[in-house]
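Quick notes on the structure that follows.
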Amino acid sequence: MTAHIRPDLASIPAYVPGRNFPGAIKLASNETTVGPLPGVRDAVADAVANANRYPDNAAVALIEALASFLKVEPANVAAGCGSVTLCQELVQITCDQGDEVIYAWRSFEAYPVVTQVGHAVSVKVPLTEDFGHDLDAMLAAITDRTRLIFVCNPNNPTGNALSKAELESFLDAVPTHVVVALDEAYFEYSRSDADGIELFRSRPNVVVLRTFSKAYGLAGIRVGYAVADPEIIVALGKVHTPFTVSAVAQAAAIASLAAADELLARTEGVIAERTRVRSALIEAGYTVPESSANFVYLPLGELSPGFAEASTEAGILIRQYGVEGVRMTIGDPHENDAFLAFANTDVAKQAAGIGVTA
């Protein structure tokens with residue numbers, strides 16, 4: 001017997017994680033280089049001791065901690081196995097077959113996957129010349145079938161961040177029945193004046209997505225959250241896969257919130273390194289858009305595959321995006337120095353199309 005599988009799954013682009021191999025400097029997945037704080041590790045250990053029990057499916061303690069931290073009501077918060085699962089759940093609760101999901105492109109790689117899995121249609125709006133969201137074009141793309149808009153801010157992989165004024169103007173122009181997801185996975189690294197939580201407070205169609213995977217250093221544990229109108233939160237609960245936010249994840253996230261000041265202070269070092277790396281790359285002849293995240297983007301176009309391969313051969317893993325560009329995560333200073341040393345070699349500059357004198 002041959003099982004019947006949805007035929008359209010053959011055309012769904014699989015999500016491709018960052019590469020890794022033993023001994024490599026891994027600057028491909030936007031992870032933090034510093035592990036959880038001792039108090040967070042202790043909370044994880046305590047949770048593991050009770051791993052024979054199911055986690056709280058409603059994540060009550062975590063949601064109450066998040067609500068207090070964000071100054072919202074618990075009814076405004078949902079937890080997920082990373083914010084990416086909440087992206088998929090948003091498609092599920094807003095879209096019937098053939099409905100449309102708008103997002104900038106290039107942006108987070110999961111958007112086209114979760115859209116098609118949800119039987120919806122992707123509407124990709126090209127980025128501006130400076131690699132940011134073209135909000136006017138996104139507004140123009142809205143039709144009577146539009147149900148959901150993803151706005152990744154700062155944008156992954158280009159790093160561009162929108163301002164509060166830009167987002168306010170955009171959100172006020174979107175029809176109120178269209179849900180707008182402000183995907184703020186890299187919010188803690190941005191110094192833009194835009195804060196999705198504040199924008200959500202007066203806009204029932206706005207959902208804010210954040211994660212503990214980046215600045216909080218819990219990428220391997222998988223926990224994220226959504227902040228939205230209670231009606232949207234209730235709907236998310238109806239499509240939520242039970243028990244996917246583990247007891248370990250909930251305990252780690254609660255402990256991380258308690259240590260938020262110490263954890264978020266680490267972002268200052270990342271920002272300083274981001275500035276240093278970008279300046280050095282520009283000085284070396286590369287085009288590098290301004291970034292508000294924990295990575296920088298090199299728009300190398302058709303030269304991207306060759307540059308990424310040369311970097312891999314040098315033992316440094318970065319993320320390639322087709323024939324559009326490559327993304328380099330900001331790591332520890334010595335890791336960043338290794339990438340900068342590679343970027344200044346004749347091999348790298350030739351791969352990037354930067355003139356090299358004999």
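Chain identifiers are assigned as A, B, and so on, following the order in which chains appear in the structure tokens; residues are numbered from 1 within each chain, and ligands are numbered from 1 in order of appearance.
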Please return as a ChimeraX atom specification: the residues of region 20-264 of chain A that backbone DSSP assigns to helix (DSSP H, G or I). /A:38-48,60-70,74-76,83-94,110-117,135-140,164-173,187-189,196-200,230-239,247-258,260-264
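The interatomic distance for the pair CA of Leu90 (chain A) and CA of Leu236 (chain A) works out to 6.9 Å.
Among the candidate residues A:Val296, A:Ala352, A:Val72, A:Val234, the one lying nearest to Pro154 (chain A) is A:Val296, with distances computed using only C-alpha atoms.
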Non-local contacts of Leu263 (chain A) (12 Å; only C-alpha atoms; under 3 positions in same chain excluded) as JSON, numbers by chain: {"A": [32, 34, 35, 36, 37, 38, 39, 40, 188, 189, 212, 214, 215, 216, 217, 218, 253, 255, 256, 257, 258, 259, 260, 266, 267, 268, 269, 270]}
Please run DSSP on the backbone and report, as a list in words, all residues within region 292-326 of chain A that come out as strand (DSSP E). Phe295, Val296, Tyr297, Leu298, Ile316, Leu317, Arg319, Gln320, Tyr321, Gly325 and Val326 of chain A
May I have the residues from that selection written out with all heavy atoms, as a compact mmCIF listing (two decimals), in the first residue's frame?
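Now in result_0.txt:
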# COMPACT_ATOMS: atom_id res chain seq x y z
N PHE A 295 23.55 39.99 13.74
CA PHE A 295 24.18 39.50 12.52
C PHE A 295 24.36 40.66 11.55
O PHE A 295 23.78 41.73 11.73
CB PHE A 295 23.34 38.40 11.86
CG PHE A 295 21.90 38.79 11.61
CD1 PHE A 295 21.55 39.54 10.50
CD2 PHE A 295 20.90 38.42 12.48
CE1 PHE A 295 20.23 39.92 10.26
CE2 PHE A 295 19.57 38.78 12.26
CZ PHE A 295 19.25 39.53 11.15
N VAL A 296 25.17 40.42 10.53
CA VAL A 296 25.30 41.37 9.43
C VAL A 296 25.07 40.61 8.12
O VAL A 296 25.25 39.39 8.05
CB VAL A 296 26.68 42.06 9.40
CG1 VAL A 296 26.84 42.97 10.60
CG2 VAL A 296 27.82 41.05 9.34
N TYR A 297 24.66 41.35 7.11
CA TYR A 297 24.28 40.77 5.83
C TYR A 297 25.16 41.34 4.72
O TYR A 297 25.40 42.55 4.68
CB TYR A 297 22.81 41.09 5.54
CG TYR A 297 22.24 40.51 4.27
CD1 TYR A 297 22.00 39.15 4.15
CD2 TYR A 297 21.91 41.34 3.19
CE1 TYR A 297 21.44 38.62 2.99
CE2 TYR A 297 21.35 40.82 2.04
CZ TYR A 297 21.12 39.46 1.93
OH TYR A 297 20.57 38.95 0.79
N LEU A 298 25.63 40.46 3.87
CA LEU A 298 26.42 40.87 2.71
C LEU A 298 25.64 40.54 1.44
O LEU A 298 25.48 39.36 1.10
CB LEU A 298 27.78 40.15 2.67
CG LEU A 298 28.90 40.65 3.60
CD1 LEU A 298 28.50 40.47 5.06
CD2 LEU A 298 30.19 39.91 3.32
N ILE A 316 34.84 28.47 8.58
CA ILE A 316 33.90 29.43 9.16
C ILE A 316 32.56 29.26 8.46
O ILE A 316 32.44 29.50 7.25
CB ILE A 316 34.39 30.88 9.02
CG1 ILE A 316 35.79 31.02 9.63
CG2 ILE A 316 33.42 31.84 9.68
CD1 ILE A 316 36.48 32.30 9.27
N LEU A 317 31.54 28.86 9.21
CA LEU A 317 30.22 28.62 8.64
C LEU A 317 29.36 29.88 8.73
O LEU A 317 29.15 30.42 9.81
CB LEU A 317 29.53 27.47 9.37
CG LEU A 317 30.24 26.12 9.28
CD1 LEU A 317 29.53 25.10 10.15
CD2 LEU A 317 30.29 25.64 7.84
N ARG A 319 25.69 31.78 6.72
CA ARG A 319 24.42 31.35 6.11
C ARG A 319 24.28 31.95 4.72
O ARG A 319 24.38 33.18 4.54
CB ARG A 319 23.25 31.79 6.98
CG ARG A 319 21.86 31.30 6.53
CD ARG A 319 21.71 29.82 6.74
NE ARG A 319 20.38 29.37 6.38
CZ ARG A 319 19.38 29.22 7.25
NH1 ARG A 319 19.57 29.47 8.53
NH2 ARG A 319 18.20 28.79 6.83
N GLN A 320 24.07 31.10 3.73
CA GLN A 320 23.88 31.55 2.35
C GLN A 320 22.39 31.61 2.03
O GLN A 320 21.63 30.72 2.41
CB GLN A 320 24.56 30.60 1.38
CG GLN A 320 24.33 30.94 -0.10
CD GLN A 320 24.67 29.79 -1.02
OE1 GLN A 320 25.47 28.92 -0.66
NE2 GLN A 320 24.06 29.76 -2.19
N TYR A 321 21.99 32.67 1.33
CA TYR A 321 20.60 32.84 0.90
C TYR A 321 20.56 32.87 -0.63
O TYR A 321 20.54 33.93 -1.25
CB TYR A 321 20.01 34.11 1.51
CG TYR A 321 19.79 33.98 2.98
CD1 TYR A 321 20.81 34.26 3.89
CD2 TYR A 321 18.58 33.50 3.49
CE1 TYR A 321 20.62 34.10 5.25
CE2 TYR A 321 18.39 33.33 4.85
CZ TYR A 321 19.41 33.63 5.73
OH TYR A 321 19.23 33.45 7.08
N GLY A 325 22.44 36.78 -1.03
CA GLY A 325 23.41 37.28 -0.07
C GLY A 325 23.82 36.23 0.92
O GLY A 325 23.37 35.07 0.85
N VAL A 326 24.67 36.61 1.87
CA VAL A 326 25.07 35.74 2.96
C VAL A 326 24.92 36.51 4.27
O VAL A 326 25.00 37.73 4.30
CB VAL A 326 26.53 35.24 2.81
CG1 VAL A 326 26.69 34.43 1.54
CG2 VAL A 326 27.52 36.40 2.85
Contacts between region 95-115 of chain A and region 150-193 of chain A, please, where a residue of region 150-193 of chain A counts if it comes within 9 Å (with only C-alpha atoms); show its shortest atom pair and distance in Å to one decimal, rows by chain and ascending number, as a Markdown table.
| residue | atom | partner | partner_atom | distance |
| --- | --- | --- | --- | --- |
| A:Phe150 | CA | A:Tyr103 | CA | 5.0 |
| A:Val151 | CA | A:Tyr103 | CA | 6.4 |
| A:Cys152 | CA | A:Ser107 | CA | 7.0 |
| A:Asn155 | CA | A:Ser107 | CA | 6.2 |
| A:Asn156 | CA | A:Ser107 | CA | 5.3 |
| A:Pro157 | CA | A:Ser107 | CA | 6.1 |
| A:Thr158 | CA | A:Ser107 | CA | 7.7 |
Go ahead and save the residues from that selection, with N, CA and C atoms, as a PDB file, in the first residue's frame.
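Dumped everything to out07.pdb:
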ATOM      1  N   PHE A 150       3.089  39.210   7.792  1.00  0.00           N
ATOM      2  CA  PHE A 150       4.247  39.081   8.667  1.00  0.00           C
ATOM      3  C   PHE A 150       5.175  40.263   8.431  1.00  0.00           C
ATOM      4  N   VAL A 151       5.582  40.917   9.507  1.00  0.00           N
ATOM      5  CA  VAL A 151       6.582  41.985   9.433  1.00  0.00           C
ATOM      6  C   VAL A 151       7.706  41.604  10.397  1.00  0.00           C
ATOM      7  N   CYS A 152       8.828  41.210   9.839  1.00  0.00           N
ATOM      8  CA  CYS A 152       9.971  40.772  10.637  1.00  0.00           C
ATOM      9  C   CYS A 152      10.824  41.999  10.955  1.00  0.00           C
ATOM     10  N   ASN A 155      14.610  42.787  10.408  1.00  0.00           N
ATOM     11  CA  ASN A 155      14.393  41.762   9.394  1.00  0.00           C
ATOM     12  C   ASN A 155      15.533  40.751   9.369  1.00  0.00           C
ATOM     13  N   ASN A 156      15.163  39.491   9.334  1.00  0.00           N
ATOM     14  CA  ASN A 156      16.111  38.391   9.162  1.00  0.00           C
ATOM     15  C   ASN A 156      15.988  37.896   7.719  1.00  0.00           C
ATOM     16  N   PRO A 157      17.036  38.000   6.884  1.00  0.00           N
ATOM     17  CA  PRO A 157      18.451  38.061   7.255  1.00  0.00           C
ATOM     18  C   PRO A 157      19.149  39.412   7.050  1.00  0.00           C
ATOM     19  N   THR A 158      18.438  40.449   6.660  1.00  0.00           N
ATOM     20  CA  THR A 158      19.147  41.675   6.258  1.00  0.00           C
ATOM     21  C   THR A 158      19.460  42.610   7.415  1.00  0.00           C
TER      22      THR A 158
END
